[in-house]
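Visitor: Sharing a structure below in structure tokens format, with a few things to ask.
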Amino acid sequence: MSAATPILEVEHLSASIAGQQVVEDVSFTVPRSGVTALLGRNGVGKTSTLRGILGLIQRRGIVKFAGERIDTMQTYRIVQKGIGYVPEEREVFSKLSVAENLELAERQKNPHREFVARLFPDLVQRRDQQAGTLSGGQQQMVSVARALLNDNQLLLVDEPTKGLAPKIVNEVADALAAASKTVPILLVEQNLEVVRRLADRVVVIVGGRVAHVGDAAATLDDADLVRRLLGVHVGDSAHGGIAPARNAGEGAEGGQHA
Amino acid sequence: MSSVVLVLITGLGVGALYFLVASGLSLIYGLMNVLNFAHGAFIALGALIGWEVAEHTDAASWWSFLLSLVVGAVVGAAFAAFTELVLIRPLYQRHIEQVLVTVGLSFAAIALFDGIWGQDLHSVKGPAWLDEVTVVAGAHIANIFWVLIVAAVLVLGGLSLFLRKTRYGKIIRAGVENRAMVTALGIDVRRAFTLVFSIGGAAAGLGGVLAMHYMTGVTPEIGSSLLIFAFIVIIIGGTESLVGTAVASVIVAVLQQFANTYLWGTGDFIAIVLLPIVLLLRPSGLFGKRA
Amino acid sequence: MIAMKLSFDVLRKSGPFIIGAVLVIVMALLPMLNIVIPGVLPGPTYQPGSLALLSLCMVYAAMALSYNLLLGTSGLLSFGHALYFGAGAYGLGILLSRTGLPFWVSTGVGLVGGLALALLSGAVALRTVGIAFAMVTLAFAQTGSLFVSRSSSLTGGEDGITVNTMNVPAAFVGILNTKNLYWLALVVLVLVYLVALWVDKSRLGHVAAATRENELRLRVLGLRPFTTKLIVFAIAGLMAAAAGMVYLLLQSGVGPKAVNYDLTVTILVMVVLGGVGYRWGAIVGGFVYTLLDQRLTALAQSDAVDSLPAFLRVPLSQPHFLLGIVFILIVMFSGGGIAGTVDSRIRRRDWRRAAEAALPRAGGDESVARPRLRP
Ligand SMILES: Nc1ncnc2c1ncn2[C@@H]1O[C@H](COP(=O)(O)OP(=O)(O)O)[C@@H](O)[C@H]1O
Ligand SMILES: [Mg+2]
């Protein structure tokens, strides 16, 4: 429908941390609806791409949000344009209570507190608990909730299921699925099952550049392609049983260091 | 017995003074990673302006005393806000340069104060009650110590309330933990920087005026000598919580008073030597929140 | 065209050396010349007043060079460098008055003492990094400063000590011999410069510089940043002690200000003024600062300033206020200081000449790594 301009356009983005270039030359777009998964092996620069888009690290290149250049703006202005960010390490404020964490994230008059409360009833119960004392899954819920409180035009979500128990993985995926009905999401995710469930499109980064863009299901069905791009072995069964991506990913990383 | 009480209560009083100076320094370092060497100049300006207030009013009266405290705090806050806006902000995220600029500011400001007020001691005679003593368990405690303790408790209470209850307080607490994430929530954290500098400056100005009454006089150097103890306090107490700063202030000051009384006046040495010892036991420093 | 480029390169390489050598010779000859530089020197160059001022410039230039080894070469922000200067000055002063040791032996003992102090305190301080390092060095210097002002029987307390001339060679005593002290200061400055040059060019300096940029990577490569930094720190301390000794002789004494935190800040101002990371910048910074300080003090006492309204007179009568402002402006607007600015001018001019000669621009020349103040 309104496929006119993508919500996010990234052209020749490079980014560096402490003077070291970590994203080389990345270009892709995110349409105005649905979930776009950003995939790639460990350390390929997915997190850094998201942080570069948000201006959290030094970046060069063109980034357009709803048609407007945001690549020289300060982070807080970019976010105020309508972007929600769920960082890889959750980054809840551990000394603040759950309620305070959520309160700080509210940018508008009528934040969607009920919506968030329905998605994560746990957090309502624990509103006065210090966020640092929550379990990993609960912290992730706080982190996701912070992004869902406002009317955003785009969510940047970085490995939301990393290190979570299967049950929690599903809960987080449910929440993202619910959110994706109203807001487009750029999702970094290693768990290919979650990707398969949520994503419409995939963008794959290899060696600092975009190597593949395509339909999510079609890409994931191509076991050979997945292995080549992600170094992940798709399960032997032809039915698309996918081996836990996490283990494969970590294996690859361990291999690099050895 | 009475001399132990004396050491404890005077230690508490001096610790209160350290806390007043260190609280702002600790907030600034915690939030912005700037070790503010200009803090001594904030203290000095507060004290010198407080002295002017005392000179031009009836210094022996309580309302003059209170007025000098208020004016000292306001002047300290204004000077600090100016520093943040004009010198610190343009060097956003360049921590070493920010530190250097505060070093330069303190160098220049203290020279300027020397030019205006001269290097001689300007004495002050506040309300007579301050010089009198109250006897506690046989120890004769000068009343100024009570004033110092009350002021520090009020500042600690006020700041804690502010940090817990207000939105800016929460932003500051969150920013001390993870500044980048605060901006990633769409919050302009730099406003909190200015605010924190102003608060720190107010506490420093207030501390300066009180230090002047404690020492019954003031020179432009008054801040420099307090500053090093404030550094020690925030290294020992860390920048995580104000209560930590308060506890460290009392520990350092009591230790110092104790050594001054019982260990041949070596209090300053011992306090300063604490600094490398603590840093060595925690190599990244109690400073290093997360590397 | 290639010939042009070659001669150009030769000139550029040997130019600084020739300029440096000429400057040293000129400096060495100054006491025999009658040069008047109004507004800079109080009198003709052969007069003791001018020579004493120039000697002081050289002492501070040596001190600044040693500090540049820390901040410029190794990226170490120390707030305690005055400690080693004070140790040199007080050490020699006390040895001369308390022991019967011959002068040169006292000097040697003093230098070894300064080196040992720097090694000891450096070994402790270098366990920390960044602001913590600044704090530990500050604490050490503050301890030294307290010690000096408290233990008055040894150090003379607030009054300081005066040199016991009995044990000093006659050539270094008295106003008439100022020119000998001047030459001594020049020799020390040249020696300090050569050591700094050697450090910067040696493997040691390269590792130190690499530490500055990225310590982690060095560890991965199996290099020992700690040892490297400690050696550089100790060398810088030794240089400072040497500078302190010349200072003692020059001033015929030393006071607690020589161990003060303020002195460290003054040196820091000189280095930033001259340009962090430039050896010649440190020297220029030391000279410019010292001369400005003297001249501004003279200006402050002049009638012209005295007749100004208070809002102008007060700031103008405080040299440190003006120098502090200059320092702030340099940090904020031109991190490179004097040397950095000149250097980038030259580079730009070279580049334009090269372009005019239709030569391809030498790759990467422009981006020669200079230590930024940034960590
Ligand atoms: N703080 C840092 N300092 C230096 N290099 C970093 C830092 N963080 C990440 N990197 C490097 O940047 C590259 C990309 O990292 P990242 O964006 O986190 O990858 P991904 O999210 O795809 O796993 C990696 O090679 C990593 O080693
Ligand atoms: Mg990542």
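Residue numbering restarts at 1 in every chain; chains get A, B, ... in the order shown in the structure tokens, and ligands count up from 1 in that same order.
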When the cut-off is 9 Å and you count only C-alpha atoms and all ligand atoms, which residues lie near ligand 2, shown as JSON, numbers by chain?

Guide: {"A": [42, 43, 44, 45, 46, 47, 48, 87, 88, 89, 158, 159, 188, 189]}

Visitor: Residues of chain C no more than 8 Å from chain B, counting only C-alpha atoms: send them over as a PyMOL selection string.

Guide: chain C and resi 124-125+127-129+131-132+135-136+139-140+142-143+146+265+269+314-315+317-325+327-328+331-332+373-375

Visitor: Residues of chain B that have any atom at most 7 Å from an atom of chain A: could you tabulate them with the shortest-distance atom pair and the distance in Å to one decimal, using only C-alpha atoms, ordered by chain and increasing number, as a tab-separated table?

Guide:
```
residue	atom	partner	partner_atom	distance
B:Ala174	CA	A:Phe93	CA	5.8
B:Glu177	CA	A:Phe93	CA	6.6
B:Ala180	CA	A:Leu56	CA	6.9
B:Met181	CA	A:Glu91	CA	6.9
B:Thr183	CA	A:Tyr76	CA	4.8
B:Ala184	CA	A:Tyr76	CA	5.9
B:Leu185	CA	A:Ala105	CA	5.5
B:Gly186	CA	A:Tyr76	CA	4.0
B:Ile187	CA	A:Tyr76	CA	5.4
B:Asp188	CA	A:Tyr76	CA	5.7
```

Visitor: Kindly give the distance, in Å, that separates CA of Phe65 in chain B and CA of Gly126 in chain B, rounded to a single decimal.

Guide: 6.7 Å

Visitor: Using only C-alpha atoms, I'd like every residue of chain A that has an atom within 12 Å of chain C; please write them out as a ChimeraX atom specification.

Guide: /A:18-20

Visitor: Check the smallest atom-to-atom distance from each of A:Thr36, A:Thr49, A:Gln153, A:Ser143 to ligand 1 using only C-alpha atoms and all ligand atoms, then report the winner.

Guide: A:Thr49

Visitor: Find the residues near Leu184 in chain C: any atom within 9 Å, counting only C-alpha atoms, skip ones fewer than 3 places away on the same chain, and give them as JSON, numbers by chain.

Guide: {"C": [55, 172, 179, 180, 181, 187, 188, 189, 246]}

Visitor: Write a file of the just-selected residues containing all heavy atoms, as a PDB file, in the first residue's frame.

Guide:
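Saved as result_26.pdb:
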```
ATOM      1  N   SER C  55      67.700  31.424  31.141  1.00  0.00           N
ATOM      2  CA  SER C  55      68.012  30.151  31.796  1.00  0.00           C
ATOM      3  C   SER C  55      66.746  29.529  32.368  1.00  0.00           C
ATOM      4  O   SER C  55      66.515  28.320  32.249  1.00  0.00           O
ATOM      5  CB  SER C  55      69.023  30.350  32.920  1.00  0.00           C
ATOM      6  OG  SER C  55      70.130  31.058  32.461  1.00  0.00           O
ATOM      7  N   PHE C 172      79.714  28.512  39.435  1.00  0.00           N
ATOM      8  CA  PHE C 172      78.254  28.554  39.433  1.00  0.00           C
ATOM      9  C   PHE C 172      77.699  29.468  40.529  1.00  0.00           C
ATOM     10  O   PHE C 172      76.529  29.426  40.844  1.00  0.00           O
ATOM     11  CB  PHE C 172      77.672  27.154  39.632  1.00  0.00           C
ATOM     12  CG  PHE C 172      77.899  26.249  38.454  1.00  0.00           C
ATOM     13  CD1 PHE C 172      78.004  24.873  38.625  1.00  0.00           C
ATOM     14  CD2 PHE C 172      78.001  26.770  37.172  1.00  0.00           C
ATOM     15  CE1 PHE C 172      78.210  24.037  37.539  1.00  0.00           C
ATOM     16  CE2 PHE C 172      78.198  25.941  36.075  1.00  0.00           C
ATOM     17  CZ  PHE C 172      78.316  24.578  36.262  1.00  0.00           C
ATOM     18  N   LYS C 179      76.302  33.625  33.478  1.00  0.00           N
ATOM     19  CA  LYS C 179      76.468  33.051  32.136  1.00  0.00           C
ATOM     20  C   LYS C 179      76.886  31.591  32.206  1.00  0.00           C
ATOM     21  O   LYS C 179      76.489  30.796  31.362  1.00  0.00           O
ATOM     22  CB  LYS C 179      77.465  33.869  31.305  1.00  0.00           C
ATOM     23  CG  LYS C 179      78.876  33.937  31.833  1.00  0.00           C
ATOM     24  CD  LYS C 179      79.744  34.696  30.838  1.00  0.00           C
ATOM     25  CE  LYS C 179      81.212  34.690  31.198  1.00  0.00           C
ATOM     26  NZ  LYS C 179      81.479  35.271  32.528  1.00  0.00           N
ATOM     27  N   ASN C 180      77.620  31.198  33.246  1.00  0.00           N
ATOM     28  CA  ASN C 180      77.978  29.778  33.379  1.00  0.00           C
ATOM     29  C   ASN C 180      76.754  28.929  33.671  1.00  0.00           C
ATOM     30  O   ASN C 180      76.576  27.837  33.134  1.00  0.00           O
ATOM     31  CB  ASN C 180      79.002  29.598  34.489  1.00  0.00           C
ATOM     32  CG  ASN C 180      80.324  30.260  34.125  1.00  0.00           C
ATOM     33  OD1 ASN C 180      80.631  30.391  32.933  1.00  0.00           O
ATOM     34  ND2 ASN C 180      81.066  30.702  35.116  1.00  0.00           N
ATOM     35  N   LEU C 181      75.892  29.457  34.558  1.00  0.00           N
ATOM     36  CA  LEU C 181      74.655  28.744  34.847  1.00  0.00           C
ATOM     37  C   LEU C 181      73.787  28.660  33.597  1.00  0.00           C
ATOM     38  O   LEU C 181      73.122  27.659  33.332  1.00  0.00           O
ATOM     39  CB  LEU C 181      73.879  29.464  35.959  1.00  0.00           C
ATOM     40  CG  LEU C 181      74.447  29.246  37.360  1.00  0.00           C
ATOM     41  CD1 LEU C 181      73.789  30.183  38.352  1.00  0.00           C
ATOM     42  CD2 LEU C 181      74.263  27.795  37.773  1.00  0.00           C
ATOM     43  N   VAL C 187      73.114  23.197  28.291  1.00  0.00           N
ATOM     44  CA  VAL C 187      73.602  21.818  28.152  1.00  0.00           C
ATOM     45  C   VAL C 187      72.530  20.836  28.610  1.00  0.00           C
ATOM     46  O   VAL C 187      72.243  19.843  27.945  1.00  0.00           O
ATOM     47  CB  VAL C 187      74.908  21.626  28.959  1.00  0.00           C
ATOM     48  CG1 VAL C 187      75.256  20.143  29.042  1.00  0.00           C
ATOM     49  CG2 VAL C 187      76.040  22.405  28.326  1.00  0.00           C
ATOM     50  N   VAL C 188      71.930  21.131  29.766  1.00  0.00           N
ATOM     51  CA  VAL C 188      70.899  20.222  30.276  1.00  0.00           C
ATOM     52  C   VAL C 188      69.726  20.150  29.308  1.00  0.00           C
ATOM     53  O   VAL C 188      69.216  19.074  29.000  1.00  0.00           O
ATOM     54  CB  VAL C 188      70.424  20.679  31.682  1.00  0.00           C
ATOM     55  CG1 VAL C 188      69.188  19.910  32.107  1.00  0.00           C
ATOM     56  CG2 VAL C 188      71.544  20.470  32.688  1.00  0.00           C
ATOM     57  N   LEU C 189      69.325  21.300  28.785  1.00  0.00           N
ATOM     58  CA  LEU C 189      68.199  21.300  27.841  1.00  0.00           C
ATOM     59  C   LEU C 189      68.514  20.457  26.609  1.00  0.00           C
ATOM     60  O   LEU C 189      67.698  19.647  26.168  1.00  0.00           O
ATOM     61  CB  LEU C 189      67.854  22.736  27.430  1.00  0.00           C
ATOM     62  CG  LEU C 189      66.762  22.863  26.363  1.00  0.00           C
ATOM     63  CD1 LEU C 189      65.452  22.245  26.846  1.00  0.00           C
ATOM     64  CD2 LEU C 189      66.535  24.326  25.989  1.00  0.00           C
ATOM     65  N   VAL C 246      69.032  22.381  38.138  1.00  0.00           N
ATOM     66  CA  VAL C 246      69.473  23.634  37.521  1.00  0.00           C
ATOM     67  C   VAL C 246      68.677  24.791  38.114  1.00  0.00           C
ATOM     68  O   VAL C 246      69.222  25.871  38.391  1.00  0.00           O
ATOM     69  CB  VAL C 246      69.281  23.579  35.987  1.00  0.00           C
ATOM     70  CG1 VAL C 246      69.762  24.867  35.353  1.00  0.00           C
ATOM     71  CG2 VAL C 246      70.015  22.391  35.402  1.00  0.00           C
TER      72      VAL C 246
END
```

Visitor: Quick check for you: according to DSSP on this backbone, which residues of range 69-193 of chain B are classed as strand (DSSP E or B)? Reply as a ChimeraX atom specification.

Guide: /B:122-123,133-136,139-142

Visitor: Using DSSP on the backbone coordinates, identify all residues within range 76-276 of chain B classified as alpha helix (DSSP H); present the result as a count of residues only.

Guide: 145

Visitor: May I ask for the distance between CA of Ala217 in chain A and CA of Val169 in chain A, given in Å to one decimal place?

Guide: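 So the answer is 19.8 Å.
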
Visitor: Measuring between only C-alpha atoms, which one of C:Val232, C:Leu56, C:Val276, C:Ala208 shows the shortest distance to Gly340 in chain C?

Guide: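 Closest candidate: C:Val276.
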